[in-house]
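As provided, query.txt (compact mmCIF, C-alpha atoms) reads as follows.
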```
# COMPACT_ATOMS: atom_id res chain seq x y z
CA MET Z 1 -7.21 11.85 18.93
CA LEU Z 2 -8.48 11.25 15.38
CA LYS Z 3 -9.58 14.21 13.25
CA GLU Z 4 -10.92 12.97 9.93
CA CYS Z 5 -10.84 9.20 9.55
CA GLU Z 6 -13.02 6.83 7.56
CA LYS Z 7 -10.89 3.70 7.20
CA ALA Z 8 -8.22 1.67 8.96
CA CYS Z 9 -6.13 -1.49 8.66
CA ILE Z 10 -5.86 -4.00 11.50
CA TYR Z 11 -2.68 -5.96 12.25
CA SER Z 12 -1.55 -8.55 14.74
CA PHE Z 13 1.12 -7.52 17.25
CA ASP Z 14 3.81 -9.12 15.07
CA GLY Z 15 2.79 -7.03 12.03
CA VAL Z 16 0.59 -9.48 10.09
CA PHE Z 17 -2.18 -7.76 8.13
CA LEU Z 18 -5.61 -9.02 9.24
CA ALA Z 19 -8.36 -6.83 7.80
CA GLU Z 20 -9.33 -3.48 6.35
CA VAL Z 21 -12.31 -1.80 8.03
CA LYS Z 22 -14.44 1.33 7.84
CA VAL Z 23 -14.36 3.79 10.74
CA VAL Z 24 -17.46 5.60 12.02
CA ASP Z 25 -17.64 8.44 14.57
CA SER Z 26 -13.84 8.64 14.64
CA GLU Z 27 -13.88 12.01 16.39
CA LYS Z 28 -16.01 10.68 19.27
CA GLU Z 29 -15.23 8.51 22.25
CA SER Z 30 -17.84 6.04 20.95
CA MET Z 31 -15.86 5.24 17.79
CA ALA Z 32 -16.71 1.99 16.00
CA LEU Z 33 -15.30 -0.17 13.20
CA ILE Z 34 -17.34 -1.79 10.42
CA PHE Z 35 -16.23 -5.33 9.58
CA GLU Z 36 -17.32 -7.60 6.78
CA GLU Z 37 -18.44 -10.98 8.05
CA GLU Z 38 -15.46 -12.89 6.62
CA ASP Z 39 -12.98 -10.76 8.60
CA MET Z 40 -14.59 -10.96 12.04
CA ASP Z 41 -12.89 -14.16 13.19
CA LYS Z 42 -9.41 -13.00 12.14
CA VAL Z 43 -9.14 -10.22 14.70
CA ASN Z 44 -8.42 -10.38 18.44
CA THR Z 45 -9.98 -8.12 21.06
CA GLU Z 46 -6.59 -6.36 21.36
CA SER Z 47 -4.94 -5.38 18.08
CA VAL Z 48 -2.70 -2.84 16.37
CA ILE Z 49 -4.71 -0.52 14.13
CA VAL Z 50 -3.40 1.95 11.56
CA PHE Z 51 -5.98 4.71 11.07
CA TYR Z 52 -5.94 6.66 7.80
CA ASP Z 53 -6.56 10.17 9.09
CA GLY Z 54 -7.11 12.80 6.40
CA ILE Z 55 -5.47 15.53 8.48
CA GLN Z 56 -2.84 13.84 10.64
CA GLY Z 57 -1.72 11.04 8.31
CA LEU Z 58 -1.18 7.45 9.49
CA VAL Z 59 -2.08 7.10 13.16
CA THR Z 60 -0.94 3.78 14.62
CA CYS Z 61 -2.51 2.68 17.92
CA LYS Z 62 -2.98 -0.26 20.21
CA CYS Z 63 -6.73 -0.72 20.55
CA SER Z 64 -9.34 -2.77 22.38
CA LEU Z 65 -12.40 -4.07 20.52
CA SER Z 66 -15.72 -4.87 22.19
CA ALA Z 67 -18.62 -7.17 21.37
CA ARG Z 68 -19.82 -7.02 17.78
CA VAL Z 69 -23.31 -6.05 16.66
CA LYS Z 70 -24.71 -7.21 13.32
CA VAL Z 71 -25.76 -4.33 11.08
CA VAL Z 72 -29.09 -4.71 9.32
CA GLY Z 73 -31.14 -2.70 6.86
CA ASP Z 74 -29.45 -0.70 4.12
CA GLU Z 75 -25.95 -0.81 5.65
CA MET Z 76 -24.78 -4.06 4.07
CA GLY Z 77 -21.35 -4.92 2.73
CA ASP Z 78 -20.27 -5.54 -0.85
CA LEU Z 79 -22.47 -8.04 -2.69
CA GLY Z 80 -24.93 -7.96 0.19
CA ARG Z 81 -22.65 -9.69 2.69
CA ALA Z 82 -23.43 -9.19 6.37
CA ILE Z 83 -21.35 -6.61 8.21
CA TYR Z 84 -20.76 -5.92 11.91
CA LYS Z 85 -20.22 -2.81 13.98
CA VAL Z 86 -17.57 -3.21 16.68
CA PRO Z 87 -16.89 -0.55 19.36
CA CYS Z 88 -13.22 0.45 19.42
CA ARG Z 89 -11.19 2.10 22.20
CA ILE Z 90 -7.70 3.52 21.66
CA ASP Z 91 -5.47 2.35 24.52
CA GLU Z 92 -2.09 3.65 23.37
CA LEU Z 93 -0.71 5.85 20.59
CA ILE Z 94 2.24 4.16 18.89
CA GLY Z 95 3.08 6.76 16.25
CA VAL Z 96 1.94 9.25 13.61
CA GLU Z 97 3.33 9.47 10.06
CA GLN Z 98 2.40 12.10 7.51
CA ARG Z 99 1.03 10.82 4.19
CA ARG Z 100 3.74 12.21 1.95
CA ILE Z 101 3.53 11.22 -1.68
CA ASP Z 102 7.31 10.57 -1.78
CA LEU Z 103 7.32 8.22 1.20
CA LYS Z 104 8.80 5.00 -0.21
CA VAL Z 105 9.69 1.47 0.85
CA ARG Z 106 12.59 -0.68 -0.31
CA VAL Z 107 11.66 -3.94 -2.01
CA SER Z 108 13.17 -6.55 -4.30
CA ILE Z 109 10.45 -7.87 -6.59
CA PRO Z 110 10.91 -9.32 -10.11
CA ILE Z 111 8.63 -7.65 -12.66
CA VAL Z 112 8.21 -7.64 -16.45
CA LEU Z 113 7.97 -4.26 -18.14
CA GLU Z 114 5.80 -3.90 -21.23
CA THR Z 115 6.84 -1.08 -23.56
CA ALA Z 116 7.08 -0.24 -27.26
CA ASP Z 117 10.20 0.23 -29.38
CA GLU Z 118 10.75 3.03 -31.91
CA LEU Z 119 8.68 1.16 -34.48
CA GLY Z 120 5.79 0.70 -32.09
CA LYS Z 121 6.43 -3.01 -31.55
CA VAL Z 122 5.50 -4.17 -28.03
CA THR Z 123 8.40 -5.69 -26.12
CA HIS Z 124 8.71 -7.30 -22.69
CA ILE Z 125 11.70 -6.51 -20.51
CA PRO Z 126 12.69 -8.33 -17.30
CA ALA Z 127 13.42 -5.97 -14.42
CA LYS Z 128 13.57 -5.85 -10.63
CA LEU Z 129 11.48 -3.43 -8.58
CA LYS Z 130 13.78 -1.82 -5.97
CA ASP Z 131 11.54 0.77 -4.30
CA ILE Z 132 7.96 1.96 -4.53
CA SER Z 133 5.94 4.94 -3.32
CA ALA Z 134 2.64 6.61 -4.14
CA GLY Z 135 4.53 8.75 -6.67
CA GLY Z 136 6.53 6.20 -8.66
CA ILE Z 137 8.97 3.29 -8.62
CA GLY Z 138 12.70 2.63 -8.81
CA PHE Z 139 13.88 -0.43 -10.72
CA GLU Z 140 16.86 -2.13 -12.34
CA SER Z 141 17.27 -3.86 -15.70
CA ILE Z 142 20.04 -4.97 -18.04
CA ILE Z 143 18.08 -3.31 -20.87
CA LYS Z 144 18.48 0.42 -21.47
CA LEU Z 145 15.35 2.56 -21.70
CA LYS Z 146 15.15 6.25 -22.63
CA GLU Z 147 14.06 9.13 -20.46
CA ASN Z 148 10.30 9.77 -20.77
CA GLN Z 149 9.76 6.28 -22.18
CA ILE Z 150 6.38 4.94 -21.10
CA PHE Z 151 6.00 1.38 -19.78
CA SER Z 152 3.58 -0.69 -17.74
CA PHE Z 153 3.84 -3.68 -15.40
CA GLU Z 154 1.63 -5.99 -13.39
CA PHE Z 155 1.59 -5.11 -9.70
CA ASP Z 156 0.45 -7.91 -7.40
CA THR Z 157 -0.51 -7.37 -3.75
CA ASP Z 158 -2.50 -9.22 -1.10
CA ALA Z 159 -5.44 -6.97 -2.01
CA GLY Z 160 -5.36 -7.90 -5.71
CA ASN Z 161 -3.43 -6.95 -8.82
CA THR Z 162 -3.48 -4.15 -11.35
CA ARG Z 163 -1.41 -2.92 -14.29
CA LEU Z 164 0.44 0.29 -13.48
CA LYS Z 165 1.73 2.65 -16.15
CA ALA Z 166 4.77 4.90 -15.64
CA SER Z 167 7.36 6.97 -17.50
CA VAL Z 168 11.14 7.00 -17.01
CA LEU Z 169 12.48 10.07 -15.17
CA TRP Z 170 16.18 9.24 -15.11
CA VAL Z 171 18.62 6.49 -16.12
CA ARG Z 172 21.99 5.63 -14.55
CA GLU Z 173 24.41 2.97 -15.80
CA VAL Z 174 25.99 0.81 -13.13
CA ALA Z 175 29.16 -1.16 -13.83
CA GLU Z 176 30.23 -3.32 -10.92
CA LYS Z 177 33.67 -4.96 -11.02
CA GLY Z 178 33.66 -8.27 -12.85
CA GLU Z 179 29.99 -8.05 -13.82
CA GLU Z 180 28.04 -6.96 -16.86
CA PRO Z 181 26.73 -3.38 -16.60
CA PHE Z 182 23.06 -2.76 -15.85
CA TYR Z 183 20.82 0.27 -15.50
CA ARG Z 184 19.03 1.85 -12.56
CA TYR Z 185 15.89 3.88 -13.16
CA GLY Z 186 13.61 6.32 -11.42
CA SER Z 187 10.08 6.75 -12.74
CA ARG Z 188 6.73 8.34 -12.02
CA TYR Z 189 3.27 6.93 -12.60
CA PHE Z 190 1.36 7.87 -15.71
CA GLY Z 191 -2.44 7.96 -15.69
CA LEU Z 192 -2.77 6.50 -12.18
CA SER Z 193 -6.41 5.99 -11.18
CA THR Z 194 -7.77 6.62 -7.68
CA TYR Z 195 -8.18 2.86 -7.18
CA GLN Z 196 -4.59 2.19 -8.24
CA GLU Z 197 -3.23 4.93 -5.98
CA SER Z 198 -5.17 3.44 -3.09
CA MET Z 199 -3.72 0.00 -3.84
CA VAL Z 200 -0.15 1.34 -3.97
CA ARG Z 201 -0.59 3.34 -0.76
CA LYS Z 202 -2.04 0.32 1.02
CA PHE Z 203 0.93 -1.80 -0.07
CA THR Z 204 3.51 0.77 1.10
CA PHE Z 205 1.70 1.27 4.42
CA GLN Z 206 1.65 -2.46 5.08
CA GLU Z 207 5.31 -2.86 4.13
CA GLN Z 208 6.24 -0.02 6.46
CA LEU Z 209 4.36 -1.61 9.32
CA LYS Z 210 6.12 -4.95 8.73
CA ARG Z 211 9.46 -3.17 9.11
CA ARG Z 212 8.45 -1.30 12.23
CA LYS Z 213 9.18 -3.08 15.49
CA ILE Z 214 6.16 -2.86 17.74
CA GLN Z 215 7.02 -3.01 21.42
```

Encoding of this model in C-alpha cells:
Amino acid sequence: MLKECEKACIYSFDGVFLAEVKVVDSEKESMALIFEEEDMDKVNTESVIVFYDGIQGLVTCKCSLSARVKVVGDEMGDLGRAIYKVPCRIDELIGVEQRRIDLKVRVSIPIVLETADELGKVTHIPAKLKDISAGGIGFESIIKLKENQIFSFEFDTDAGNTRLKASVLWVREVAEKGEEPFYRYGSRYFGLSTYQESMVRKFTFQEQLKRRKIQ
C-alpha cells in the first residue's frame, strides 16, 4: 500500500495528536514504526496513523500495533534516548491526499508582524492569521502594508516555534458597514528553511486531521 514512506504521525480516534514516528520497511508486510521512549505509553494498540508517502501523499489508515522491541546499538534516538521498534499492520485505508503546496487550512490566530518602514525603522503590527499552507499565509490587519513588503512573525505549534519570513503578494481593503476598514492580505514565504517547511506542513496536516471526521 505504501510506496516511499519514512515517517508518520499517530493520532487517537478522536483526532488528538499522539506522536511522530519513523517508518521502516514501509513497502513490506513486516513494516515497523520507531518510537522514542517518551512516546511509547501515549499510543494504543489500535490507532489512526497518517503516513507521509513521498509518492502518494498523505495516506491515512487505521492500524494495529504489536509488542515493542527495544532497539540497541547504534540506532538510538536524539540525545541518546532509548527507542523502540513496533510492528505495524494496516487494517483499513481511510483516505489519501496529495501533498500540494497550496493545500491550506483556515485558522484564526493572533500574531504580531515585524517589518521595517521606509526609513528602515522596525515596527510591530498586530494582525490575525486567517489561513496557512506550505506556500504562504493569509492574514488581516488594520494597518496597510505594501505589495512585496517583507515581514516576519513568530509561529508557535505543538512541535515548537520558529520565526517565519514572508512577503506581501496582494492587499485588499475591506469596509464592513458600521465598522472601521481593515485590510486582507495574501503572502508567500521568503527564505523558508527545510526545517520551517516541515514544521508548517506538520501543523497543516494536523489541523486537517482535526477537521476530518473519522468514522

Write out as a tab-separated table (two decimals) with C-alpha atoms, keeping the file's coordinate frame the residues lying within 8 Å of range 35-39 of chain Z, counting all atoms listed in the file and excluding same-chain residues fewer than 5 positions away.
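The resulting selection.tsv:
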```
chain	number	residue	atom	x	y	z
Z	18	LEU	CA	-5.61	-9.02	9.24
Z	19	ALA	CA	-8.36	-6.83	7.80
Z	20	GLU	CA	-9.33	-3.48	6.35
Z	21	VAL	CA	-12.31	-1.80	8.03
Z	22	LYS	CA	-14.44	1.33	7.84
Z	77	GLY	CA	-21.35	-4.92	2.73
Z	81	ARG	CA	-22.65	-9.69	2.69
Z	82	ALA	CA	-23.43	-9.19	6.37
Z	83	ILE	CA	-21.35	-6.61	8.21
Z	84	TYR	CA	-20.76	-5.92	11.91
Z	85	LYS	CA	-20.22	-2.81	13.98
Z	86	VAL	CA	-17.57	-3.21	16.68
```

For Ile10 in chain Z: contacts at 12 Å, only C-alpha atoms, fewer than 5 positions along chain excluded, given as a VMD selection string:
chain Z and resid 15 to 23 33 to 35 39 to 40 42 to 52 59 to 65 88 202 205 to 206 209

Could you save those same residues with C-alpha atoms as a short mmCIF file (atom, residue, chain, number, x, y, z; two decimals), in the coordinates of the input?
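The new file result_27.cif reads:
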```
data_model
loop_
_atom_site.label_atom_id
_atom_site.label_comp_id
_atom_site.auth_asym_id
_atom_site.auth_seq_id
_atom_site.Cartn_x
_atom_site.Cartn_y
_atom_site.Cartn_z
CA GLY Z 15 2.79 -7.03 12.03
CA VAL Z 16 0.59 -9.48 10.09
CA PHE Z 17 -2.18 -7.76 8.13
CA LEU Z 18 -5.61 -9.02 9.24
CA ALA Z 19 -8.36 -6.83 7.80
CA GLU Z 20 -9.33 -3.48 6.35
CA VAL Z 21 -12.31 -1.80 8.03
CA LYS Z 22 -14.44 1.33 7.84
CA VAL Z 23 -14.36 3.79 10.74
CA LEU Z 33 -15.30 -0.17 13.20
CA ILE Z 34 -17.34 -1.79 10.42
CA PHE Z 35 -16.23 -5.33 9.58
CA ASP Z 39 -12.98 -10.76 8.60
CA MET Z 40 -14.59 -10.96 12.04
CA LYS Z 42 -9.41 -13.00 12.14
CA VAL Z 43 -9.14 -10.22 14.70
CA ASN Z 44 -8.42 -10.38 18.44
CA THR Z 45 -9.98 -8.12 21.06
CA GLU Z 46 -6.59 -6.36 21.36
CA SER Z 47 -4.94 -5.38 18.08
CA VAL Z 48 -2.70 -2.84 16.37
CA ILE Z 49 -4.71 -0.52 14.13
CA VAL Z 50 -3.40 1.95 11.56
CA PHE Z 51 -5.98 4.71 11.07
CA TYR Z 52 -5.94 6.66 7.80
CA VAL Z 59 -2.08 7.10 13.16
CA THR Z 60 -0.94 3.78 14.62
CA CYS Z 61 -2.51 2.68 17.92
CA LYS Z 62 -2.98 -0.26 20.21
CA CYS Z 63 -6.73 -0.72 20.55
CA SER Z 64 -9.34 -2.77 22.38
CA LEU Z 65 -12.40 -4.07 20.52
CA CYS Z 88 -13.22 0.45 19.42
CA LYS Z 202 -2.04 0.32 1.02
CA PHE Z 205 1.70 1.27 4.42
CA GLN Z 206 1.65 -2.46 5.08
CA LEU Z 209 4.36 -1.61 9.32
#
```

So that I can see what lies close to Leu145 in chain Z, please list as a ChimeraX atom specification the residues with an atom at most 12 Å from it, counting all atoms listed in the file and leaving out residues fewer than 6 positions away in the same chain.
/Z:113-118,123-125,127,139,151,167-173,182-187

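The shell of residues at most 8 Å from Glu97 in chain Z, with all atoms listed in the file counted and near chain neighbours (fewer than 3 positions) removed, consists of Z:Gln56, Z:Gly57, Z:Leu58, Z:Val59.
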
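Of the residues under consideration (Z:Met31, Z:Val174, Z:Asp156, Z:Asn148), Z:Asn148 shows the shortest atom-to-atom contact distance to Phe190 in chain Z when counting only C-alpha atoms.
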
Å distance separating CA of Lys70 in chain Z from CA of Asp53 in chain Z, one decimal place:
25.5 Å

Excluding Met199 in chain Z and its own-chain neighbours fewer than 4 positions away, which residues fall within 12 Å of it when counting all atoms listed in the file? Please give them as a VMD selection string.
chain Z and resid 132 to 134 155 to 164 192 to 195 203 to 206

Please, could you write that set of residues out with C-alpha atoms as a PDB file, keeping the file's coordinate frame?
```
ATOM      1  CA  ILE Z 132       7.960   1.960  -4.530  1.00  0.00           C
ATOM      2  CA  SER Z 133       5.940   4.940  -3.320  1.00  0.00           C
ATOM      3  CA  ALA Z 134       2.640   6.610  -4.140  1.00  0.00           C
ATOM      4  CA  PHE Z 155       1.590  -5.110  -9.700  1.00  0.00           C
ATOM      5  CA  ASP Z 156       0.450  -7.910  -7.400  1.00  0.00           C
ATOM      6  CA  THR Z 157      -0.510  -7.370  -3.750  1.00  0.00           C
ATOM      7  CA  ASP Z 158      -2.500  -9.220  -1.100  1.00  0.00           C
ATOM      8  CA  ALA Z 159      -5.440  -6.970  -2.010  1.00  0.00           C
ATOM      9  CA  GLY Z 160      -5.360  -7.900  -5.710  1.00  0.00           C
ATOM     10  CA  ASN Z 161      -3.430  -6.950  -8.820  1.00  0.00           C
ATOM     11  CA  THR Z 162      -3.480  -4.150 -11.350  1.00  0.00           C
ATOM     12  CA  ARG Z 163      -1.410  -2.920 -14.290  1.00  0.00           C
ATOM     13  CA  LEU Z 164       0.440   0.290 -13.480  1.00  0.00           C
ATOM     14  CA  LEU Z 192      -2.770   6.500 -12.180  1.00  0.00           C
ATOM     15  CA  SER Z 193      -6.410   5.990 -11.180  1.00  0.00           C
ATOM     16  CA  THR Z 194      -7.770   6.620  -7.680  1.00  0.00           C
ATOM     17  CA  TYR Z 195      -8.180   2.860  -7.180  1.00  0.00           C
ATOM     18  CA  PHE Z 203       0.930  -1.800  -0.070  1.00  0.00           C
ATOM     19  CA  THR Z 204       3.510   0.770   1.100  1.00  0.00           C
ATOM     20  CA  PHE Z 205       1.700   1.270   4.420  1.00  0.00           C
ATOM     21  CA  GLN Z 206       1.650  -2.460   5.080  1.00  0.00           C
TER      22      GLN Z 206
END
```

Gap from CA of Lys130 in chain Z to CA of Val112 in chain Z - Å, one decimal
13.2 Å

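Compared by their closest atoms to Val96 in chain Z, and using all atoms listed in the file, the residues Z:Ala175, Z:Val24, Z:Cys9, Z:Ile55 rank with Z:Ile55 nearest.
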
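Atom to atom, CA of Gly136 in chain Z and CA of Lys104 in chain Z stand 8.8 Å apart.
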
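Compared by their closest atoms to Glu92 in chain Z, and using all atoms listed in the file, the residues Z:Glu179, Z:Glu197, Z:Phe153, Z:Met1 rank with Z:Met1 nearest.
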